[in-house]
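What's in protein-v3.txt: compact mmCIF, N, CA and C atoms
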```txt
# COMPACT_ATOMS: atom_id res chain seq x y z
N MET A 34 46.72 -29.91 -26.75
CA MET A 34 48.00 -30.11 -26.10
C MET A 34 47.99 -29.44 -24.73
N THR A 35 48.43 -30.15 -23.73
CA THR A 35 48.48 -29.62 -22.37
C THR A 35 49.58 -28.58 -22.27
N PRO A 36 49.26 -27.39 -21.74
CA PRO A 36 50.31 -26.37 -21.58
C PRO A 36 51.32 -26.79 -20.51
N LYS A 37 52.46 -26.16 -20.54
CA LYS A 37 53.47 -26.42 -19.53
C LYS A 37 53.06 -25.75 -18.22
N LEU A 38 53.47 -26.36 -17.11
CA LEU A 38 53.11 -25.85 -15.80
C LEU A 38 53.57 -24.40 -15.63
N GLU A 39 54.75 -24.07 -16.11
CA GLU A 39 55.27 -22.70 -15.99
C GLU A 39 54.34 -21.71 -16.68
N GLU A 40 53.77 -22.10 -17.82
CA GLU A 40 52.84 -21.22 -18.55
C GLU A 40 51.56 -20.98 -17.75
N VAL A 41 51.06 -22.05 -17.14
CA VAL A 41 49.82 -21.93 -16.36
C VAL A 41 50.07 -21.11 -15.10
N LYS A 42 51.23 -21.31 -14.45
CA LYS A 42 51.57 -20.51 -13.27
C LYS A 42 51.67 -19.02 -13.64
N ALA A 43 52.20 -18.72 -14.82
CA ALA A 43 52.29 -17.33 -15.26
C ALA A 43 50.90 -16.75 -15.51
N GLN A 44 49.99 -17.57 -15.99
CA GLN A 44 48.62 -17.13 -16.26
C GLN A 44 47.82 -16.94 -14.96
N TYR A 45 48.18 -17.73 -13.93
CA TYR A 45 47.48 -17.68 -12.63
C TYR A 45 48.50 -17.40 -11.52
N PRO A 46 49.01 -16.17 -11.44
CA PRO A 46 50.01 -15.87 -10.41
C PRO A 46 49.44 -16.08 -9.01
N GLY A 47 50.24 -16.67 -8.14
CA GLY A 47 49.81 -16.93 -6.78
C GLY A 47 49.09 -18.26 -6.60
N ALA A 48 48.85 -18.97 -7.70
CA ALA A 48 48.16 -20.26 -7.61
C ALA A 48 49.07 -21.31 -6.96
N ALA A 49 48.48 -22.09 -6.08
CA ALA A 49 49.18 -23.26 -5.53
C ALA A 49 48.97 -24.42 -6.48
N THR A 50 49.87 -25.39 -6.44
CA THR A 50 49.69 -26.62 -7.21
C THR A 50 49.43 -27.75 -6.24
N PHE A 51 48.62 -28.71 -6.67
CA PHE A 51 48.28 -29.85 -5.81
C PHE A 51 47.81 -31.01 -6.67
N ARG A 52 47.77 -32.18 -6.06
CA ARG A 52 47.18 -33.37 -6.68
C ARG A 52 46.01 -33.81 -5.81
N PHE A 53 44.96 -34.26 -6.46
CA PHE A 53 43.92 -34.97 -5.72
C PHE A 53 44.53 -36.33 -5.41
N ASP A 54 44.79 -36.63 -4.15
CA ASP A 54 45.48 -37.83 -3.68
C ASP A 54 46.98 -37.68 -3.96
N GLU A 55 47.74 -38.76 -3.77
CA GLU A 55 49.19 -38.69 -3.95
C GLU A 55 49.64 -39.02 -5.37
N GLY A 56 48.74 -39.35 -6.23
CA GLY A 56 49.10 -39.74 -7.60
C GLY A 56 48.59 -41.13 -7.88
N GLY A 57 48.65 -41.55 -9.11
CA GLY A 57 48.20 -42.88 -9.48
C GLY A 57 46.73 -42.91 -9.86
N GLU A 58 46.16 -44.10 -9.80
CA GLU A 58 44.80 -44.30 -10.28
C GLU A 58 43.76 -43.49 -9.52
N LEU A 59 43.93 -43.29 -8.22
CA LEU A 59 42.95 -42.49 -7.48
C LEU A 59 42.97 -41.04 -7.96
N THR A 60 44.13 -40.51 -8.26
CA THR A 60 44.22 -39.16 -8.81
C THR A 60 43.46 -39.08 -10.12
N ASN A 61 43.67 -40.07 -11.00
CA ASN A 61 42.96 -40.09 -12.27
C ASN A 61 41.45 -40.15 -12.08
N MET A 62 41.00 -40.98 -11.15
CA MET A 62 39.58 -41.12 -10.90
C MET A 62 38.99 -39.80 -10.38
N LEU A 63 39.69 -39.15 -9.45
CA LEU A 63 39.18 -37.90 -8.88
C LEU A 63 39.14 -36.78 -9.92
N LEU A 64 40.15 -36.70 -10.77
CA LEU A 64 40.13 -35.71 -11.84
C LEU A 64 38.96 -35.97 -12.79
N ALA A 65 38.70 -37.22 -13.10
CA ALA A 65 37.58 -37.56 -13.97
C ALA A 65 36.26 -37.16 -13.33
N LEU A 66 36.13 -37.34 -12.03
CA LEU A 66 34.91 -36.93 -11.33
C LEU A 66 34.73 -35.42 -11.37
N VAL A 67 35.82 -34.68 -11.23
CA VAL A 67 35.75 -33.22 -11.33
C VAL A 67 35.30 -32.84 -12.74
N ARG A 68 35.92 -33.43 -13.74
CA ARG A 68 35.58 -33.11 -15.13
C ARG A 68 34.14 -33.47 -15.47
N ALA A 69 33.61 -34.50 -14.86
CA ALA A 69 32.23 -34.92 -15.10
C ALA A 69 31.23 -34.07 -14.32
N GLY A 70 31.71 -33.16 -13.48
CA GLY A 70 30.84 -32.31 -12.70
C GLY A 70 30.31 -32.97 -11.44
N LYS A 71 30.82 -34.14 -11.10
CA LYS A 71 30.35 -34.87 -9.92
C LYS A 71 31.10 -34.47 -8.65
N LYS A 72 32.34 -34.07 -8.78
CA LYS A 72 33.16 -33.69 -7.62
C LYS A 72 33.32 -32.18 -7.62
N ARG A 73 32.75 -31.55 -6.59
CA ARG A 73 32.83 -30.10 -6.45
C ARG A 73 33.35 -29.68 -5.09
N ALA A 74 33.92 -30.65 -4.35
CA ALA A 74 34.48 -30.35 -3.04
C ALA A 74 35.54 -31.38 -2.71
N THR A 75 36.36 -31.03 -1.73
CA THR A 75 37.39 -31.94 -1.24
C THR A 75 37.68 -31.56 0.21
N CYS A 76 38.40 -32.41 0.90
CA CYS A 76 38.80 -32.05 2.27
C CYS A 76 40.27 -32.40 2.46
N THR A 77 40.88 -31.66 3.36
CA THR A 77 42.30 -31.82 3.66
C THR A 77 42.46 -31.91 5.17
N HIS A 78 43.31 -32.83 5.58
CA HIS A 78 43.62 -32.96 7.01
C HIS A 78 44.55 -31.82 7.40
N MET A 79 44.27 -31.19 8.53
CA MET A 79 45.08 -30.06 8.98
C MET A 79 46.56 -30.43 9.16
N ALA A 80 46.85 -31.69 9.51
CA ALA A 80 48.25 -32.11 9.69
C ALA A 80 49.03 -31.96 8.38
N LEU A 81 48.37 -32.18 7.24
CA LEU A 81 49.05 -32.03 5.95
C LEU A 81 49.40 -30.57 5.70
N LEU A 82 48.52 -29.67 6.13
CA LEU A 82 48.80 -28.24 5.98
C LEU A 82 49.92 -27.82 6.92
N GLU A 83 49.89 -28.35 8.13
CA GLU A 83 50.95 -28.02 9.09
C GLU A 83 52.30 -28.57 8.63
N ALA A 84 52.29 -29.62 7.80
CA ALA A 84 53.52 -30.20 7.28
C ALA A 84 54.04 -29.46 6.05
N GLY A 85 53.31 -28.41 5.63
CA GLY A 85 53.83 -27.60 4.54
C GLY A 85 52.96 -27.52 3.30
N ALA A 86 51.87 -28.27 3.23
CA ALA A 86 50.98 -28.16 2.07
C ALA A 86 50.34 -26.77 2.06
N GLU A 87 50.08 -26.26 0.90
CA GLU A 87 49.48 -24.93 0.74
C GLU A 87 48.02 -24.97 1.19
N ALA A 88 47.64 -24.09 2.09
CA ALA A 88 46.26 -24.04 2.57
C ALA A 88 45.37 -23.39 1.51
N PRO A 89 44.17 -23.93 1.31
CA PRO A 89 43.26 -23.30 0.35
C PRO A 89 42.80 -21.95 0.87
N GLN A 90 42.44 -21.06 -0.06
CA GLN A 90 41.95 -19.73 0.29
C GLN A 90 40.77 -19.40 -0.61
N VAL A 91 39.69 -18.91 -0.02
CA VAL A 91 38.53 -18.52 -0.80
C VAL A 91 38.95 -17.47 -1.83
N GLY A 92 38.54 -17.68 -3.07
CA GLY A 92 38.83 -16.75 -4.15
C GLY A 92 40.12 -17.03 -4.90
N ARG A 93 41.00 -17.82 -4.32
CA ARG A 93 42.26 -18.12 -5.00
C ARG A 93 42.02 -19.21 -6.04
N ARG A 94 42.72 -19.12 -7.12
CA ARG A 94 42.69 -20.13 -8.17
C ARG A 94 43.94 -20.98 -8.06
N ASP A 95 43.75 -22.31 -8.03
CA ASP A 95 44.86 -23.25 -7.85
C ASP A 95 44.89 -24.24 -9.01
N ILE A 96 46.05 -24.84 -9.21
CA ILE A 96 46.28 -25.73 -10.34
C ILE A 96 46.32 -27.17 -9.85
N ALA A 97 45.35 -27.97 -10.30
CA ALA A 97 45.34 -29.41 -10.01
C ALA A 97 46.22 -30.09 -11.06
N LEU A 98 47.07 -31.00 -10.59
CA LEU A 98 48.04 -31.66 -11.47
C LEU A 98 47.59 -33.07 -11.84
N ASN A 99 47.98 -33.49 -13.03
CA ASN A 99 47.87 -34.88 -13.43
C ASN A 99 48.93 -35.68 -12.68
N VAL A 100 48.86 -36.99 -12.80
CA VAL A 100 49.83 -37.87 -12.15
C VAL A 100 51.25 -37.52 -12.55
N ASP A 101 51.45 -37.15 -13.82
CA ASP A 101 52.79 -36.86 -14.32
C ASP A 101 53.29 -35.45 -13.97
N GLY A 102 52.48 -34.67 -13.23
CA GLY A 102 52.88 -33.34 -12.83
C GLY A 102 52.48 -32.23 -13.78
N SER A 103 51.87 -32.58 -14.90
CA SER A 103 51.40 -31.57 -15.84
C SER A 103 50.07 -30.99 -15.34
N PRO A 104 49.73 -29.77 -15.75
CA PRO A 104 48.48 -29.17 -15.29
C PRO A 104 47.27 -29.90 -15.85
N ALA A 105 46.32 -30.21 -14.98
CA ALA A 105 45.08 -30.87 -15.40
C ALA A 105 43.97 -29.85 -15.54
N LEU A 106 43.81 -29.03 -14.50
CA LEU A 106 42.77 -28.01 -14.50
C LEU A 106 43.06 -26.96 -13.45
N VAL A 107 42.33 -25.86 -13.54
CA VAL A 107 42.43 -24.79 -12.56
C VAL A 107 41.08 -24.71 -11.85
N ILE A 108 41.13 -24.66 -10.52
CA ILE A 108 39.91 -24.51 -9.74
C ILE A 108 39.96 -23.19 -8.96
N GLU A 109 38.79 -22.69 -8.61
CA GLU A 109 38.70 -21.54 -7.73
C GLU A 109 37.95 -21.98 -6.47
N THR A 110 38.53 -21.69 -5.32
CA THR A 110 37.90 -22.04 -4.05
C THR A 110 36.76 -21.07 -3.77
N LEU A 111 35.57 -21.64 -3.55
CA LEU A 111 34.37 -20.84 -3.29
C LEU A 111 34.00 -20.76 -1.82
N GLU A 112 34.33 -21.82 -1.07
CA GLU A 112 33.91 -21.89 0.33
C GLU A 112 34.85 -22.81 1.10
N LEU A 113 35.13 -22.44 2.33
CA LEU A 113 35.92 -23.28 3.24
C LEU A 113 35.14 -23.45 4.53
N ARG A 114 35.19 -24.67 5.07
CA ARG A 114 34.58 -24.94 6.38
C ARG A 114 35.58 -25.75 7.20
N HIS A 115 35.81 -25.31 8.42
CA HIS A 115 36.63 -26.08 9.36
C HIS A 115 35.69 -27.05 10.06
N THR A 116 36.06 -28.32 10.06
CA THR A 116 35.23 -29.36 10.66
C THR A 116 36.14 -30.45 11.19
N THR A 117 35.54 -31.53 11.62
CA THR A 117 36.30 -32.73 11.99
C THR A 117 35.72 -33.89 11.20
N PHE A 118 36.44 -34.99 11.21
CA PHE A 118 35.95 -36.20 10.54
C PHE A 118 34.56 -36.55 11.06
N ALA A 119 34.39 -36.56 12.38
CA ALA A 119 33.12 -36.96 12.99
C ALA A 119 31.99 -35.98 12.70
N GLU A 120 32.32 -34.71 12.44
CA GLU A 120 31.29 -33.69 12.20
C GLU A 120 30.95 -33.50 10.72
N MET A 121 31.59 -34.25 9.84
CA MET A 121 31.31 -34.13 8.40
C MET A 121 29.82 -34.39 8.17
N THR A 122 29.18 -33.51 7.41
CA THR A 122 27.76 -33.68 7.12
C THR A 122 27.57 -34.46 5.82
N GLU A 123 26.41 -35.00 5.64
CA GLU A 123 26.12 -35.72 4.40
C GLU A 123 26.19 -34.78 3.20
N GLU A 124 25.66 -33.58 3.34
CA GLU A 124 25.70 -32.61 2.24
C GLU A 124 27.15 -32.37 1.79
N MET A 125 28.04 -32.14 2.76
CA MET A 125 29.44 -31.88 2.44
C MET A 125 30.08 -33.12 1.80
N ALA A 126 29.83 -34.29 2.37
CA ALA A 126 30.42 -35.53 1.85
C ALA A 126 29.97 -35.80 0.43
N LEU A 127 28.70 -35.60 0.13
CA LEU A 127 28.19 -35.89 -1.21
C LEU A 127 28.74 -34.92 -2.25
N LEU A 128 29.02 -33.68 -1.87
CA LEU A 128 29.62 -32.74 -2.81
C LEU A 128 31.04 -33.15 -3.22
N GLU A 129 31.66 -34.01 -2.42
CA GLU A 129 32.98 -34.52 -2.80
C GLU A 129 32.88 -35.48 -3.98
N GLY A 130 31.68 -36.01 -4.25
CA GLY A 130 31.42 -36.75 -5.48
C GLY A 130 31.93 -38.17 -5.55
N GLU A 131 32.54 -38.66 -4.50
CA GLU A 131 33.15 -39.99 -4.55
C GLU A 131 32.25 -41.08 -4.00
N ASP A 132 31.25 -40.70 -3.22
CA ASP A 132 30.44 -41.68 -2.49
C ASP A 132 28.96 -41.33 -2.64
N GLU A 133 28.13 -42.33 -2.37
CA GLU A 133 26.68 -42.17 -2.49
C GLU A 133 26.01 -41.89 -1.14
N SER A 134 26.77 -41.94 -0.04
CA SER A 134 26.20 -41.71 1.28
C SER A 134 27.30 -41.24 2.23
N LEU A 135 26.87 -40.67 3.35
CA LEU A 135 27.83 -40.26 4.37
C LEU A 135 28.55 -41.47 4.94
N GLU A 136 27.85 -42.58 5.11
CA GLU A 136 28.48 -43.80 5.64
C GLU A 136 29.60 -44.29 4.72
N SER A 137 29.34 -44.28 3.43
CA SER A 137 30.36 -44.69 2.47
C SER A 137 31.55 -43.72 2.49
N TRP A 138 31.25 -42.42 2.57
CA TRP A 138 32.32 -41.42 2.67
C TRP A 138 33.19 -41.71 3.88
N ARG A 139 32.54 -41.97 5.04
CA ARG A 139 33.30 -42.24 6.27
C ARG A 139 34.19 -43.48 6.11
N GLU A 140 33.65 -44.54 5.56
CA GLU A 140 34.45 -45.78 5.38
C GLU A 140 35.66 -45.52 4.49
N ASN A 141 35.43 -44.91 3.34
CA ASN A 141 36.51 -44.69 2.38
C ASN A 141 37.54 -43.68 2.89
N HIS A 142 37.08 -42.62 3.53
CA HIS A 142 38.02 -41.62 4.01
C HIS A 142 38.77 -42.09 5.27
N GLU A 143 38.12 -42.88 6.09
CA GLU A 143 38.86 -43.45 7.23
C GLU A 143 40.00 -44.31 6.71
N ARG A 144 39.72 -45.13 5.71
CA ARG A 144 40.75 -45.99 5.12
C ARG A 144 41.89 -45.13 4.55
N TYR A 145 41.53 -44.07 3.84
CA TYR A 145 42.52 -43.17 3.25
C TYR A 145 43.37 -42.50 4.34
N PHE A 146 42.73 -41.93 5.35
CA PHE A 146 43.48 -41.23 6.39
C PHE A 146 44.29 -42.20 7.25
N ARG A 147 43.82 -43.41 7.43
CA ARG A 147 44.63 -44.42 8.14
C ARG A 147 45.88 -44.75 7.32
N ARG A 148 45.72 -44.84 6.01
CA ARG A 148 46.87 -45.11 5.15
C ARG A 148 47.92 -44.00 5.29
N LEU A 149 47.45 -42.77 5.50
CA LEU A 149 48.37 -41.65 5.70
C LEU A 149 48.90 -41.59 7.13
N GLY A 150 48.31 -42.39 8.04
CA GLY A 150 48.75 -42.42 9.42
C GLY A 150 48.26 -41.25 10.26
N VAL A 151 47.12 -40.64 9.86
CA VAL A 151 46.64 -39.46 10.58
C VAL A 151 45.20 -39.59 11.07
N PHE A 152 44.60 -40.77 10.95
CA PHE A 152 43.17 -40.87 11.29
C PHE A 152 42.89 -40.78 12.78
N ALA A 153 41.86 -40.01 13.10
CA ALA A 153 41.23 -39.97 14.42
C ALA A 153 39.84 -39.40 14.19
N PRO A 154 38.83 -39.87 14.90
CA PRO A 154 37.48 -39.34 14.69
C PRO A 154 37.38 -37.83 14.89
N ASP A 155 38.21 -37.27 15.76
CA ASP A 155 38.16 -35.83 16.01
C ASP A 155 39.23 -35.05 15.24
N MET A 156 39.84 -35.70 14.24
CA MET A 156 40.89 -35.01 13.49
C MET A 156 40.31 -33.81 12.74
N PRO A 157 41.02 -32.69 12.76
CA PRO A 157 40.53 -31.48 12.10
C PRO A 157 40.71 -31.56 10.58
N LEU A 158 39.68 -31.14 9.88
CA LEU A 158 39.68 -31.11 8.42
C LEU A 158 39.31 -29.71 7.94
N ILE A 159 39.81 -29.37 6.77
CA ILE A 159 39.30 -28.21 6.05
C ILE A 159 38.57 -28.75 4.84
N TRP A 160 37.29 -28.46 4.78
CA TRP A 160 36.45 -28.86 3.64
C TRP A 160 36.40 -27.68 2.69
N GLU A 161 36.58 -27.97 1.41
CA GLU A 161 36.69 -26.91 0.39
C GLU A 161 35.71 -27.19 -0.74
N ARG A 162 34.87 -26.20 -1.04
CA ARG A 162 34.00 -26.27 -2.22
C ARG A 162 34.64 -25.42 -3.30
N PHE A 163 34.65 -25.92 -4.53
CA PHE A 163 35.34 -25.24 -5.61
C PHE A 163 34.56 -25.34 -6.92
N GLU A 164 34.99 -24.55 -7.90
CA GLU A 164 34.47 -24.68 -9.26
C GLU A 164 35.65 -24.73 -10.22
N VAL A 165 35.43 -25.36 -11.35
CA VAL A 165 36.48 -25.45 -12.37
C VAL A 165 36.49 -24.15 -13.17
N VAL A 166 37.66 -23.57 -13.30
CA VAL A 166 37.86 -22.34 -14.05
C VAL A 166 38.36 -22.67 -15.46
N GLU A 167 39.29 -23.63 -15.54
CA GLU A 167 39.87 -24.01 -16.83
C GLU A 167 40.27 -25.48 -16.79
N ASP A 168 39.98 -26.18 -17.86
CA ASP A 168 40.31 -27.60 -17.98
C ASP A 168 41.27 -27.75 -19.16
N PHE A 169 42.40 -28.38 -18.92
CA PHE A 169 43.43 -28.52 -19.96
C PHE A 169 43.32 -29.83 -20.71
N GLY A 170 42.19 -30.48 -20.65
CA GLY A 170 41.99 -31.72 -21.39
C GLY A 170 42.08 -32.91 -20.49
N ASP A 171 41.99 -34.08 -21.09
CA ASP A 171 41.91 -35.32 -20.33
C ASP A 171 43.22 -35.71 -19.68
N GLY A 172 44.35 -35.18 -20.14
CA GLY A 172 45.63 -35.60 -19.56
C GLY A 172 45.70 -37.11 -19.56
N ASP A 173 45.98 -37.72 -18.39
CA ASP A 173 46.01 -39.17 -18.31
C ASP A 173 44.86 -39.69 -17.46
N ALA A 174 43.81 -38.85 -17.29
CA ALA A 174 42.66 -39.27 -16.49
C ALA A 174 41.71 -40.12 -17.32
N ASP A 175 41.11 -41.10 -16.67
CA ASP A 175 40.12 -41.95 -17.32
C ASP A 175 38.75 -41.30 -17.23
N ASP A 176 37.87 -41.63 -18.16
CA ASP A 176 36.51 -41.12 -18.11
C ASP A 176 35.72 -41.84 -17.04
N VAL A 177 34.80 -41.09 -16.43
CA VAL A 177 33.88 -41.66 -15.46
C VAL A 177 32.48 -41.53 -16.04
N GLY A 178 31.72 -42.63 -16.02
CA GLY A 178 30.39 -42.61 -16.62
C GLY A 178 29.35 -42.02 -15.83
```
Hey, can you dump this file as structure tokens for me?
Amino acid sequence: MTPKLEEVKAQYPGAATFRFDEGGELTNMLLALVRAGKKRATCTHMALLEAGAEAPQVGRRDIALNVDGSPALVIETLELRHTTFAEMTEEMALLEGEDESLESWRENHERYFRRLGVFAPDMPLIWERFEVVEDFGDGDADDVG
């Protein structure tokens, strides 16, 4: 049984809550990739942080949410790198676990950032490498093979 968010926040004081993506099927897919050990990094556009999203911090443990807002898992940030879309390296892109090449990462992330209305080749990103500290079960995420 998935614990209540309030219980997890009490267990991890100071943790920020977030969703991989805005919710829906992409959130489920990304959570499944994390659970499968394929996704160990993510990136955030600086404009989202300036708009009020909680900035990641090395050593902090944060709560990733399922689509329904329940806790999916807790991650700990291990490394942060300030970069731009154009400066993203293949190593960094592949650790995000969603693509098989830097070119594929660029295509998919350009589409994503354009959908958010923030894309530019020189847009600032924070790339975050993390590890899973606690997994609260499958929630509503689908399995990834």
Quiz item: Around (45.0, -31.3, -19.3) in the file's own coordinates, what residues are found within 12 Å if you use only C-alpha atoms, given back as JSON, numbers by chain?
Solution: {"A": [34, 35, 36, 37, 38, 41, 61, 64, 65, 68, 96, 97, 98, 99, 100, 101, 102, 103, 104, 105, 106, 107, 167, 168, 169, 170, 171, 172, 173, 174, 175]}
Exercise. Rounded to one decimal place, report the atom C of Phe118 in chain A-atom C of Leu81 in chain A distance in Å.
Key: 16.9 Å
Self-check item: Nearest residue to Pro157 in chain A from the set A:Arg52, A:Arg114, A:Lys72, A:Arg139 (distances using only C-alpha atoms)
Solution: A:Arg114
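Using all atoms listed in the file, the shortest contact distance between Thr110 in chain A and any of A:Glu143, A:Glu133, A:Glu124, A:Glu161 is found at A:Glu161.
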Exercise. Report the residues of range 52-169 of chain A whose backbone DSSP state falls under helix (DSSP H, G or I), written as a PyMOL selection string.
Key: chain A and resi 58-68+79-83+123-128+135-149
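The residue that comes closest to Gln90 in chain A, out of A:Lys71, A:His142, A:Arg162, A:His78 and on the basis of only C-alpha atoms, is A:Arg162.
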Practice problem: Report the distance between CA of Phe163 in chain A and CA of Glu87 in chain A in Å, rounded to one decimal place. | Solution: 15.5 Å
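Atom N of His115 in chain A is positioned 17.8 Å from CA of Phe146 in chain A.
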Quiz item: Given the choices A:Met79, A:Glu164, A:Pro46, A:Ser134, which gets closest to Ile108 in chain A if the distance is worked out from all atoms listed in the file?
Solution: A:Glu164
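Neighbours of Asp155 in chain A closer than or equal to 7 Å, with all atoms listed in the file counted and sequence neighbours fewer than 6 positions away skipped, come out as Thr116, Thr117, Phe118, Ala119 and Glu120 of chain A.
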